[in-house]
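Enquirer: Below you'll find query-v4.csv; it's CSV, C-alpha atoms and all ligand atoms.
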chain,number,residue,atom,x,y,z
A,36,MET,CA,0.0,0.0,0.0
A,37,ARG,CA,1.2,3.5,-0.8
A,38,PRO,CA,1.7,5.9,2.0
A,39,ALA,CA,-1.0,8.4,2.6
A,40,ILE,CA,-0.6,11.7,0.9
A,41,LYS,CA,0.7,14.2,3.4
A,42,SER,CA,-0.6,17.6,2.5
A,43,ARG,CA,-4.1,16.8,1.3
A,44,LEU,CA,-5.5,19.0,-1.5
A,45,THR,CA,-9.1,19.6,-2.0
A,46,THR,CA,-11.0,18.3,-5.0
A,47,GLU,CA,-10.8,21.8,-6.5
A,48,GLN,CA,-7.1,22.1,-5.9
A,49,PHE,CA,-6.5,18.7,-7.5
A,50,ALA,CA,-8.7,19.6,-10.5
A,51,GLU,CA,-7.1,23.0,-11.1
A,52,GLY,CA,-3.6,21.5,-10.9
A,53,ILE,CA,-4.6,18.8,-13.4
A,54,PHE,CA,-6.2,21.2,-15.8
A,55,ARG,CA,-3.0,23.3,-15.7
A,56,GLY,CA,-1.0,20.2,-16.6
A,57,ASP,CA,0.9,20.2,-13.3
A,58,ARG,CA,2.8,16.9,-13.3
A,59,ILE,CA,3.3,16.8,-9.6
A,60,ILE,CA,-0.4,17.2,-8.8
A,61,LEU,CA,-1.2,14.8,-11.6
A,62,GLY,CA,1.1,12.3,-9.9
A,63,GLN,CA,-0.5,12.9,-6.5
A,64,ALA,CA,-4.0,12.5,-8.0
A,65,ILE,CA,-3.0,9.2,-9.5
A,66,THR,CA,-1.7,8.1,-6.1
A,67,LEU,CA,-5.0,9.1,-4.6
A,68,ILE,CA,-7.0,7.2,-7.2
A,69,GLU,CA,-4.8,4.1,-6.6
A,70,SER,CA,-5.1,4.3,-2.8
A,71,THR,CA,-7.2,1.7,-1.0
A,72,ARG,CA,-7.9,4.0,2.0
A,73,SER,CA,-11.6,4.8,2.2
A,74,ASP,CA,-11.2,8.5,2.7
A,75,ASP,CA,-8.9,8.6,-0.4
A,76,GLN,CA,-11.5,6.7,-2.4
A,77,VAL,CA,-14.2,9.3,-1.5
A,78,LEU,CA,-11.9,12.2,-2.6
A,79,GLY,CA,-10.8,10.2,-5.7
A,80,ALA,CA,-14.4,9.6,-6.7
A,81,SER,CA,-15.3,13.3,-6.3
A,82,LEU,CA,-12.2,14.3,-8.3
A,83,LEU,CA,-13.1,12.0,-11.2
A,84,GLU,CA,-16.6,13.5,-11.2
A,85,ARG,CA,-15.1,17.0,-11.3
A,86,ILE,CA,-12.8,16.2,-14.3
A,87,ILE,CA,-15.0,13.9,-16.3
A,88,ALA,CA,-16.2,16.7,-18.7
A,89,LYS,CA,-12.5,17.3,-19.7
A,90,THR,CA,-11.8,13.7,-20.6
A,91,GLY,CA,-12.3,11.7,-23.8
A,92,LYS,CA,-10.4,13.9,-26.2
A,93,ALA,CA,-7.3,11.7,-26.4
A,94,ILE,CA,-6.7,8.8,-28.7
A,95,ARG,CA,-6.3,5.7,-26.6
A,96,ILE,CA,-3.9,3.1,-28.0
A,97,GLY,CA,-3.2,-0.4,-26.4
A,98,ILE,CA,0.1,-2.0,-27.2
A,99,THR,CA,0.8,-5.7,-26.5
A,100,GLY,CA,3.2,-8.4,-27.4
A,101,VAL,CA,5.2,-11.2,-25.8
A,102,PRO,CA,8.1,-10.4,-23.5
A,103,GLY,CA,11.1,-9.2,-25.5
A,104,VAL,CA,9.1,-8.3,-28.6
A,105,GLY,CA,10.3,-4.7,-28.2
A,106,LYS,CA,7.3,-3.0,-26.6
A,107,SER,CA,9.3,-0.6,-24.4
A,108,THR,CA,11.8,0.3,-27.2
A,109,PHE,CA,8.9,0.7,-29.6
A,110,ILE,CA,7.1,3.1,-27.3
A,111,GLU,CA,10.2,5.1,-26.8
A,112,ALA,CA,10.6,5.6,-30.6
A,113,PHE,CA,6.9,6.0,-31.2
A,114,GLY,CA,6.5,8.4,-28.3
A,115,LYS,CA,9.3,10.6,-29.6
A,116,HIS,CA,7.8,10.6,-33.1
A,117,LEU,CA,4.4,11.8,-31.6
A,118,ILE,CA,6.1,14.5,-29.6
A,119,LYS,CA,7.7,15.7,-32.8
A,120,GLN,CA,4.2,16.1,-34.2
A,121,GLY,CA,3.4,18.3,-31.3
A,122,LYS,CA,1.5,15.7,-29.2
A,123,LYS,CA,1.7,15.2,-25.4
A,124,ILE,CA,1.7,11.5,-24.6
A,125,ALA,CA,1.0,9.5,-21.5
A,126,VAL,CA,2.4,5.9,-21.2
A,127,LEU,CA,0.6,3.6,-18.7
A,128,THR,CA,1.2,-0.1,-18.2
A,129,ILE,CA,-1.0,-2.9,-17.0
A,130,ASP,CA,1.0,-5.6,-15.4
A,131,PRO,CA,-0.6,-7.4,-12.5
A,132,SER,CA,2.6,-9.2,-11.8
A,133,SER,CA,4.8,-6.1,-11.6
A,134,GLN,CA,4.6,-5.8,-7.9
A,135,LEU,CA,6.0,-9.2,-7.6
A,136,THR,CA,8.9,-9.0,-10.0
A,137,LYS,CA,9.5,-5.2,-10.3
A,138,GLY,CA,11.6,-6.3,-13.3
A,139,SER,CA,9.6,-4.7,-16.1
A,140,ILE,CA,9.5,-1.3,-14.4
A,141,LEU,CA,13.3,-1.3,-14.0
A,142,GLY,CA,13.7,-2.3,-17.6
A,143,ASP,CA,11.3,0.4,-18.8
A,144,LYS,CA,13.2,3.2,-17.0
A,145,THR,CA,16.3,2.4,-19.0
A,146,ARG,CA,14.5,1.7,-22.3
A,147,MET,CA,12.4,4.8,-22.2
A,148,GLU,CA,15.2,6.9,-21.1
A,149,GLU,CA,14.7,9.8,-23.5
A,150,LEU,CA,11.0,9.7,-23.3
A,151,SER,CA,11.0,9.7,-19.5
A,152,LYS,CA,13.0,13.0,-19.5
A,153,ASP,CA,10.7,14.7,-22.1
A,154,ALA,CA,8.4,17.3,-20.7
A,155,SER,CA,5.7,16.2,-23.2
A,156,ALA,CA,5.7,12.7,-22.0
A,157,PHE,CA,4.3,11.3,-18.8
A,158,ILE,CA,5.2,7.7,-17.9
A,159,ARG,CA,3.4,5.9,-15.1
A,160,PRO,CA,4.1,2.2,-14.2
A,161,SER,CA,1.3,-0.2,-13.5
A,162,ALA,CA,-0.9,0.3,-10.5
A,163,SER,CA,-0.4,-2.4,-7.9
A,164,GLY,CA,-3.3,-4.6,-7.0
A,165,SER,CA,-4.1,-8.2,-6.3
A,166,THR,CA,-6.5,-8.8,-9.2
A,167,LEU,CA,-6.3,-7.9,-12.8
A,168,GLY,CA,-9.7,-6.4,-12.7
A,169,GLY,CA,-8.6,-4.1,-9.9
A,170,VAL,CA,-5.4,-3.0,-11.7
A,171,ALA,CA,-7.3,-2.4,-15.0
A,172,HIS,CA,-10.0,-0.4,-13.2
A,173,LYS,CA,-7.3,1.9,-11.7
A,174,THR,CA,-5.5,2.2,-15.0
A,175,ARG,CA,-8.6,3.3,-16.7
A,176,GLU,CA,-9.1,6.1,-14.2
A,177,VAL,CA,-5.5,7.1,-14.4
A,178,MET,CA,-6.1,7.4,-18.2
A,179,LEU,CA,-9.0,9.8,-17.5
A,180,LEU,CA,-6.8,11.9,-15.3
A,181,CYS,CA,-4.1,12.1,-18.0
A,182,GLU,CA,-6.7,13.2,-20.5
A,183,ALA,CA,-7.9,15.9,-18.2
A,184,ALA,CA,-4.3,17.0,-17.9
A,185,GLY,CA,-4.2,17.6,-21.7
A,186,TYR,CA,-2.4,14.4,-22.9
A,187,ASP,CA,-3.4,13.8,-26.5
A,188,VAL,CA,-2.3,10.2,-26.9
A,189,ILE,CA,-2.5,7.6,-24.2
A,190,LEU,CA,-0.5,4.5,-24.7
A,191,VAL,CA,-1.4,1.5,-22.5
A,192,GLU,CA,1.2,-1.2,-22.6
A,193,THR,CA,0.6,-4.7,-21.4
A,194,VAL,CA,2.6,-7.9,-21.8
A,195,GLY,CA,0.9,-10.4,-24.1
A,196,VAL,CA,0.8,-13.5,-22.0
A,197,GLY,CA,-2.6,-13.7,-20.5
A,198,GLN,CA,-5.9,-12.0,-19.8
A,199,SER,CA,-4.5,-8.5,-19.5
A,200,GLU,CA,-4.9,-7.9,-23.2
A,201,VAL,CA,-8.7,-8.3,-22.9
A,202,SER,CA,-8.7,-5.6,-20.2
A,203,VAL,CA,-6.6,-3.3,-22.3
A,204,LYS,CA,-8.7,-3.9,-25.5
A,205,ASN,CA,-11.7,-2.9,-23.4
A,206,MET,CA,-10.3,0.5,-22.5
A,207,VAL,CA,-8.7,1.6,-25.8
A,208,ASP,CA,-9.7,2.8,-29.2
A,209,PHE,CA,-7.0,1.1,-31.2
A,210,PHE,CA,-5.2,-2.2,-30.2
A,211,LEU,CA,-1.7,-2.7,-31.6
A,212,LEU,CA,-0.1,-6.1,-31.5
A,213,LEU,CA,3.7,-6.3,-31.8
A,214,MET,CA,5.1,-9.5,-33.2
A,215,LEU,CA,8.5,-10.9,-34.1
A,216,ALA,CA,9.3,-12.3,-37.4
A,217,GLY,CA,10.7,-15.8,-37.6
A,218,ALA,CA,9.3,-17.0,-34.2
A,219,GLY,CA,6.5,-19.5,-34.6
A,220,ASP,CA,3.1,-18.5,-33.4
A,221,GLU,CA,3.2,-21.1,-30.7
A,222,LEU,CA,6.5,-19.7,-29.5
A,223,GLN,CA,5.0,-16.2,-29.3
A,224,GLY,CA,2.0,-17.6,-27.4
A,225,ILE,CA,-0.2,-15.8,-29.8
A,226,LYS,CA,-3.7,-17.3,-30.1
A,227,LYS,CA,-6.1,-16.5,-32.9
A,228,GLY,CA,-8.2,-14.7,-30.3
A,229,ILE,CA,-5.5,-12.1,-29.7
A,230,MET,CA,-5.0,-11.5,-33.4
A,231,GLU,CA,-8.8,-11.1,-33.7
A,232,MET,CA,-8.6,-8.3,-31.1
A,233,ALA,CA,-5.9,-6.4,-33.0
A,234,ASP,CA,-6.6,-3.4,-35.2
A,235,GLY,CA,-3.1,-3.5,-36.4
A,236,ILE,CA,0.1,-5.5,-36.2
A,237,ALA,CA,3.7,-4.2,-36.3
A,238,ILE,CA,6.4,-6.8,-37.0
A,239,THR,CA,9.2,-5.4,-34.8
A,240,LYS,CA,13.0,-5.3,-35.2
A,241,ALA,CA,12.7,-5.1,-39.0
A,242,ASP,CA,16.3,-4.0,-39.4
A,243,GLY,CA,19.6,-5.5,-40.6
A,244,ASP,CA,19.4,-9.2,-41.5
A,245,ASN,CA,15.9,-9.4,-40.1
A,246,ILE,CA,14.3,-7.2,-42.8
A,247,LYS,CA,13.6,-10.1,-45.2
A,248,HIS,CA,11.9,-12.2,-42.5
A,249,ALA,CA,9.9,-9.3,-41.3
A,250,THR,CA,8.6,-8.5,-44.7
A,251,GLU,CA,7.6,-12.2,-45.3
A,252,ALA,CA,5.9,-12.2,-41.9
A,253,MET,CA,4.0,-9.1,-42.8
A,254,ALA,CA,2.6,-10.7,-45.9
A,255,GLU,CA,1.6,-13.8,-43.9
A,256,TYR,CA,-0.3,-11.9,-41.2
A,257,GLN,CA,-2.0,-9.6,-43.7
A,258,HIS,CA,-3.2,-12.7,-45.5
A,259,ALA,CA,-4.4,-14.2,-42.2
A,260,PHE,CA,-6.4,-11.1,-41.5
A,261,HIS,CA,-8.2,-11.4,-44.8
A,262,LEU,CA,-9.4,-14.9,-43.7
A,263,PHE,CA,-11.0,-13.5,-40.6
A,264,ALA,CA,-14.7,-12.5,-40.8
A,265,ALA,CA,-15.1,-8.8,-41.3
A,266,ASN,CA,-15.3,-7.1,-37.9
A,267,GLU,CA,-17.9,-4.7,-36.8
A,268,SER,CA,-15.7,-1.6,-37.0
A,269,GLY,CA,-15.6,-1.9,-40.8
A,270,TRP,CA,-11.8,-1.6,-40.5
A,271,THR,CA,-9.5,-4.2,-42.0
A,272,PRO,CA,-6.5,-4.5,-39.7
A,273,ARG,CA,-3.2,-3.6,-41.3
A,274,VAL,CA,0.2,-5.1,-40.9
A,275,VAL,CA,3.4,-3.1,-41.1
A,276,THR,CA,7.1,-3.7,-40.3
A,277,SER,CA,8.9,-1.4,-37.9
A,278,SER,CA,12.2,-0.9,-36.3
A,279,ALA,CA,12.7,1.1,-33.2
A,280,ARG,CA,16.4,1.0,-33.9
A,281,THR,CA,16.3,2.6,-37.4
A,282,GLY,CA,13.0,4.3,-37.1
A,283,HIS,CA,11.6,2.4,-40.1
A,284,GLY,CA,7.8,2.2,-40.0
A,285,ILE,CA,7.2,4.2,-36.9
A,286,ASP,CA,5.5,6.9,-38.9
A,287,THR,CA,3.5,4.3,-40.8
A,288,VAL,CA,2.0,3.0,-37.5
A,289,TRP,CA,0.9,6.5,-36.6
A,290,GLU,CA,-0.6,7.0,-40.1
A,291,MET,CA,-2.5,3.7,-39.7
A,292,ILE,CA,-3.9,4.8,-36.3
A,293,ASN,CA,-5.0,8.1,-37.8
A,294,GLN,CA,-6.7,6.4,-40.7
A,295,TYR,CA,-8.5,4.1,-38.3
A,296,HIS,CA,-9.6,7.1,-36.2
A,297,ASP,CA,-10.9,9.0,-39.3
A,298,LYS,CA,-12.7,6.0,-40.7
A,299,THR,CA,-14.3,4.8,-37.5
A,300,THR,CA,-15.3,8.4,-36.5
A,301,ALA,CA,-17.0,8.8,-39.9
A,302,SER,CA,-18.9,5.5,-39.5
A,303,GLY,CA,-19.9,6.2,-35.9
A,304,PHE,CA,-18.1,3.1,-34.6
A,305,PHE,CA,-15.6,5.1,-32.6
A,306,ALA,CA,-18.2,6.7,-30.5
A,307,THR,CA,-20.3,3.6,-30.2
A,308,ASN,CA,-17.3,1.6,-29.0
A,309,ARG,CA,-16.5,4.1,-26.3
A,310,GLY,CA,-20.1,4.2,-25.2
A,311,ARG,CA,-20.1,0.4,-24.9
A,312,GLN,CA,-16.8,0.5,-23.0
A,313,ASN,CA,-18.3,3.0,-20.5
A,314,ILE,CA,-21.4,0.8,-20.0
A,315,ALA,CA,-19.2,-2.3,-19.4
A,316,TRP,CA,-17.2,-0.3,-16.8
A,317,PHE,CA,-20.3,0.9,-15.1
A,318,GLU,CA,-21.5,-2.7,-14.8
A,319,GLU,CA,-18.1,-3.7,-13.5
A,320,HIS,CA,-17.9,-0.9,-11.0
A,321,PHE,CA,-21.4,-1.8,-9.7
A,322,ALA,CA,-20.5,-5.5,-9.4
A,323,GLN,CA,-17.4,-4.5,-7.4
A,324,LEU,CA,-19.3,-2.2,-5.1
A,325,LEU,CA,-21.9,-4.8,-4.5
A,326,LYS,CA,-19.2,-7.3,-3.6
A,327,ASP,CA,-17.5,-4.9,-1.3
A,328,ASP,CA,-20.8,-4.1,0.4
A,329,LEU,CA,-21.6,-7.8,0.9
A,330,ALA,CA,-18.1,-8.3,2.4
A,331,LYS,CA,-18.8,-5.6,5.0
A,332,SER,CA,-21.5,-7.6,6.8
A,333,LEU,CA,-20.3,-10.1,9.3
A,334,SER,CA,-23.4,-12.3,9.2
A,335,LEU,CA,-23.3,-12.4,5.3
A,336,ARG,CA,-19.6,-13.3,5.4
A,337,THR,CA,-20.5,-16.2,7.8
A,338,THR,CA,-23.3,-17.3,5.5
A,339,HIS,CA,-21.0,-17.1,2.5
A,340,ASP,CA,-18.4,-19.3,4.2
A,341,THR,CA,-21.0,-21.9,5.2
A,342,LEU,CA,-22.5,-22.0,1.7
A,343,THR,CA,-19.0,-22.2,0.2
A,344,LYS,CA,-18.1,-25.2,2.3
A,345,SER,CA,-21.4,-27.0,1.4
A,346,VAL,CA,-20.9,-26.4,-2.3
A,347,GLY,CA,-17.3,-27.5,-2.0
A,348,ASP,CA,-18.2,-30.9,-0.4
A,349,HIS,CA,-21.1,-31.4,-2.8
A,350,SER,CA,-23.8,-31.3,-0.1
A,351,LEU,CA,-25.5,-28.3,-1.8
A,352,SER,CA,-25.9,-27.3,-5.4
A,353,SER,CA,-24.3,-24.1,-6.6
A,354,ARG,CA,-27.6,-22.8,-7.8
A,355,GLN,CA,-29.3,-23.4,-4.5
A,356,ALA,CA,-26.4,-21.8,-2.6
A,357,ALA,CA,-26.6,-18.7,-4.7
A,358,LEU,CA,-30.3,-18.4,-4.1
A,359,LEU,CA,-29.8,-18.9,-0.3
A,360,TYR,CA,-27.1,-16.3,-0.4
A,361,LEU,CA,-29.4,-13.8,-2.1
A,362,GLU,CA,-32.1,-14.5,0.5
A,363,ALA,CA,-29.6,-13.9,3.3
A,364,TYR,CA,-28.6,-10.6,1.6
A,365,HIS,CA,-32.2,-9.4,1.3
A,366,LYS,CA,-32.8,-10.4,4.9
A,367,ALA,CA,-29.7,-8.5,6.0
A,368,ILE,CA,-30.8,-5.4,4.2
A,369,ARG,CA,-34.3,-5.5,5.8
A,370,GLU,CA,-33.0,-6.1,9.3
A,371,SER,CA,-30.1,-3.8,9.4
A,372,ASN,CA,-31.2,-0.6,7.7
A,373,GLY,CA,-27.5,0.1,7.6
A,374,ASN,CA,-26.8,-0.7,11.3
A,375,GLU,CA,-25.4,-4.1,10.7
A,376,THR,CA,-22.6,-2.9,8.4
A,377,GLU,CA,-19.4,-2.3,10.3
A,401,LIG,N1,17.4,-5.0,-33.6
A,401,LIG,C1,16.5,-4.5,-32.9
A,401,LIG,N2,16.4,-4.8,-31.6
A,401,LIG,C2,15.4,-4.3,-30.8
A,401,LIG,C3,14.4,-3.4,-31.4
A,401,LIG,N3,13.6,-3.0,-30.5
A,401,LIG,C4,13.9,-3.7,-29.3
A,401,LIG,N4,15.1,-4.4,-29.5
A,401,LIG,C5,15.8,-5.2,-28.5
A,401,LIG,O1,14.9,-6.2,-28.1
A,401,LIG,C6,15.1,-6.4,-26.7
A,401,LIG,C7,13.7,-6.3,-26.0
A,401,LIG,O2,13.2,-5.0,-26.1
A,401,LIG,P1,12.2,-4.4,-25.1
A,401,LIG,O3,11.7,-3.1,-25.6
A,401,LIG,O4,12.7,-4.4,-23.7
A,401,LIG,O5,11.0,-5.5,-25.2
A,401,LIG,P2,9.6,-5.6,-24.3
A,401,LIG,O6,8.6,-6.1,-25.2
A,401,LIG,O7,9.3,-4.3,-23.7
A,401,LIG,O8,10.0,-6.6,-23.2
A,401,LIG,P3,9.3,-6.9,-21.8
A,401,LIG,O9,9.2,-5.5,-21.1
A,401,LIG,O10,10.2,-7.8,-21.1
A,401,LIG,O11,8.0,-7.5,-22.0
A,401,LIG,C8,16.1,-5.4,-26.2
A,401,LIG,O12,17.3,-6.0,-26.1
A,401,LIG,C9,16.1,-4.4,-27.3
A,401,LIG,O13,17.3,-3.7,-27.5
A,401,LIG,C10,14.6,-3.1,-32.8
A,401,LIG,O14,13.8,-2.3,-33.4
A,401,LIG,N5,15.6,-3.6,-33.5
A,402,MG,MG,9.0,-3.7,-21.6
What do you get writing this file as structure tokens?
Ligand SMILES: Nc1nc2c(ncn2[C@@H]2O[C@H](COP(=O)(O)OP(=O)(O)OP(=O)(O)O)[C@@H](O)[C@H]2O)c(=O)[nH]1
Ligand SMILES: [Mg+2]

Expert:
Amino acid sequence: MRPAIKSRLTTEQFAEGIFRGDRIILGQAITLIESTRSDDQVLGASLLERIIAKTGKAIRIGITGVPGVGKSTFIEAFGKHLIKQGKKIAVLTIDPSSQLTKGSILGDKTRMEELSKDASAFIRPSASGSTLGGVAHKTREVMLLCEAAGYDVILVETVGVGQSEVSVKNMVDFFLLLMLAGAGDELQGIKKGIMEMADGIAITKADGDNIKHATEAMAEYQHAFHLFAANESGWTPRVVTSSARTGHGIDTVWEMINQYHDKTTASGFFATNRGRQNIAWFEEHFAQLLKDDLAKSLSLRTTHDTLTKSVGDHSLSSRQAALLYLEAYHKAIRESNGNETE
């Protein structure tokens, strides 16, 4: 858990600082949002409410790929390219394992050396948390704070080895998959599902001896995309080659994302997709609040434990247990009128 913020600002002071683009206040606001203390959560919620009208203007890009594919190095090169175009960029990561290993954060500090020193870039490592859902939820709110602070492009990086891609896909406009040429798909742990989520692929490290392989891989993946059913966005994912080392293809990736933005904005998909994402997050927030609320009641916790045990030893069906739990919940609400919650 992070330490409590010493000199506490008011919602208004936080908001003003964020709107001015004050990086220190933005950093403190993120710490506030990530805090698990209940008073911080109340202040955090009021801050989000205060800034919400200033959010949504950025383009949100998710970047994924297996460890070592070159995500951090790509983001350094891509970020610098965007800054040259006059953009302010925020780089966030989703890595539920980072608090265990700390490795990726350390690596990113060195690989994004120039970007981390640039006044137009804001880099924030993954929030800590015990569940992916919790980490993703915080990252999304951090994204909103960055938008309110005037960042035009939000890059959300995640390592492509598990469920975190789905979380990132659900919070971004464009999902970029980085892939290596020459490594078999099995080796890269890439499932068809991940490719189906991608709006674009960049074959990384297309430099030196690797150019030929990268170009071949590009053709293969482009072909694979044509075999997929047309997706709802009306956009056919594109495949490009890129090298963070030589700078090749970095501008093409940005052009591709702009094309996507223009096309889906014109068709209405861009706005529809964001609306859907908001609805999904509303449902998730509510499910979480409900869960937290249930956990506050001692009698419900006891009922939950008893039911769990019975379901575990097959003496009660899962469905019946769920119904009994719901009944206990209704009863607790009737009886307590709020008194029973600790
Ligand atoms: N030749 C070449 N090497 C590259 C390029 N981009 C990255 N690399 C090298 O590939 C290695 C991995 O790059 P990273 O950027 O750390 O990869 P990553 O995907 O962020 O890795 P994790 O954070 O561990 O998931 C490093 O040794 C880089 O120097 C490139 O464009 N060309
Ligand atoms: Mg990395």

Enquirer: Using all atoms listed in the file, pick whichever of A:Val346, A:Leu180, A:Leu213, A:Ala88 has the shortest atom-to-atom distance to ligand MG 402 (chain A).

Expert: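 Of A:Val346, A:Leu180, A:Leu213, A:Ala88, the one nearest ligand MG 402 (chain A), counting all atoms listed in the file, is A:Leu213.
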
Enquirer: Between A:Gly97, A:Gly105, A:Gly303, A:Pro272, which one has atoms that come closest to ligand LIG 401 (chain A), using all atoms listed in the file?

Expert: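 Result for the nearest residue to ligand LIG 401 (chain A): A:Gly105.
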
Enquirer: Write out as a PyMOL selection string the residues lying within 12 Å of range 260-271 of chain A, counting all atoms listed in the file and excluding same-chain residues fewer than 2 positions away.

Expert: chain A and resi 208-209+227-236+253-258+273-274+291-292+294-308

Enquirer: If I take CA of Glu290 in chain A and CA of Met147 in chain A, how far is one from the other in Å, to one decimal?

Expert: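 Pair CA of Glu290 in chain A / CA of Met147 in chain A returns 22.2 Å.
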
Enquirer: So which residues touch Gln120 in chain A within 12 Å, counting all atoms listed in the file, skipping near sequence neighbours fewer than 2 positions away, as a PyMOL selection string?

Expert: chain A and resi 113-118+122-124+155+187-188+286+289-290

Enquirer: Closest to ligand LIG 401 (chain A) among A:Gly168, A:Gly103, A:Gly284, A:Gly185, using only C-alpha atoms and all ligand atoms?

Expert: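 Between A:Gly168, A:Gly103, A:Gly284, A:Gly185, the residue approaching ligand LIG 401 (chain A) most closely is A:Gly103.
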
Enquirer: Throw together the list of residues within 7 Å of ligand LIG 401 (chain A), counting only C-alpha atoms and all ligand atoms, and drop it here as a list in words.

Expert: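 These are the residues that qualify: Gly100, Val101, Pro102, Gly103, Val104, Gly105, Lys106, Ser107, Thr108, Phe109, Ser139, Gly142, Asp143, Arg146, Val194, Thr239, Lys240, Ala241, Asp242, Ser277, Ser278, Ala279, Arg280 and Thr281 of chain A.
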
Enquirer: Complete the atoms of range 51-62 of chain A to N, CA, C and O atoms and put them out as a JSON list (two decimals), in the coordinates of the input.

Expert:
[["chain", "number", "residue", "atom", "x", "y", "z"],
["A", 51, "GLU", "N", -7.75, 21.83, -10.44],
["A", 51, "GLU", "CA", -7.10, 23.00, -11.10],
["A", 51, "GLU", "C", -5.65, 22.61, -11.49],
["A", 51, "GLU", "O", -5.20, 22.98, -12.56],
["A", 52, "GLY", "N", -4.96, 21.89, -10.59],
["A", 52, "GLY", "CA", -3.60, 21.50, -10.90],
["A", 52, "GLY", "C", -3.55, 20.58, -12.14],
["A", 52, "GLY", "O", -2.70, 20.74, -13.02],
["A", 53, "ILE", "N", -4.50, 19.67, -12.23],
["A", 53, "ILE", "CA", -4.60, 18.80, -13.40],
["A", 53, "ILE", "C", -4.86, 19.55, -14.66],
["A", 53, "ILE", "O", -4.18, 19.37, -15.67],
["A", 54, "PHE", "N", -5.81, 20.44, -14.60],
["A", 54, "PHE", "CA", -6.20, 21.20, -15.80],
["A", 54, "PHE", "C", -5.00, 22.09, -16.28],
["A", 54, "PHE", "O", -4.87, 22.36, -17.47],
["A", 55, "ARG", "N", -4.17, 22.54, -15.33],
["A", 55, "ARG", "CA", -3.00, 23.30, -15.70],
["A", 55, "ARG", "C", -1.88, 22.43, -16.26],
["A", 55, "ARG", "O", -0.86, 22.90, -16.73],
["A", 56, "GLY", "N", -2.04, 21.11, -16.11],
["A", 56, "GLY", "CA", -1.00, 20.20, -16.60],
["A", 56, "GLY", "C", 0.15, 20.05, -15.59],
["A", 56, "GLY", "O", 1.26, 19.67, -15.97],
["A", 57, "ASP", "N", -0.11, 20.35, -14.32],
["A", 57, "ASP", "CA", 0.90, 20.20, -13.30],
["A", 57, "ASP", "C", 1.22, 18.75, -13.03],
["A", 57, "ASP", "O", 0.37, 18.01, -12.52],
["A", 58, "ARG", "N", 2.41, 18.33, -13.39],
["A", 58, "ARG", "CA", 2.80, 16.90, -13.30],
["A", 58, "ARG", "C", 2.81, 16.37, -11.91],
["A", 58, "ARG", "O", 2.52, 15.19, -11.67],
["A", 59, "ILE", "N", 3.22, 17.24, -10.98],
["A", 59, "ILE", "CA", 3.30, 16.80, -9.60],
["A", 59, "ILE", "C", 1.92, 16.50, -9.04],
["A", 59, "ILE", "O", 1.66, 15.46, -8.44],
["A", 60, "ILE", "N", 1.02, 17.44, -9.32],
["A", 60, "ILE", "CA", -0.40, 17.20, -8.80],
["A", 60, "ILE", "C", -1.01, 16.06, -9.56],
["A", 60, "ILE", "O", -1.71, 15.26, -8.95],
["A", 61, "LEU", "N", -0.72, 15.92, -10.85],
["A", 61, "LEU", "CA", -1.20, 14.80, -11.60],
["A", 61, "LEU", "C", -0.76, 13.46, -10.91],
["A", 61, "LEU", "O", -1.55, 12.54, -10.68],
["A", 62, "GLY", "N", 0.53, 13.43, -10.59],
["A", 62, "GLY", "CA", 1.10, 12.30, -9.90],
["A", 62, "GLY", "C", 0.42, 11.98, -8.59],
["A", 62, "GLY", "O", 0.09, 10.83, -8.26]]
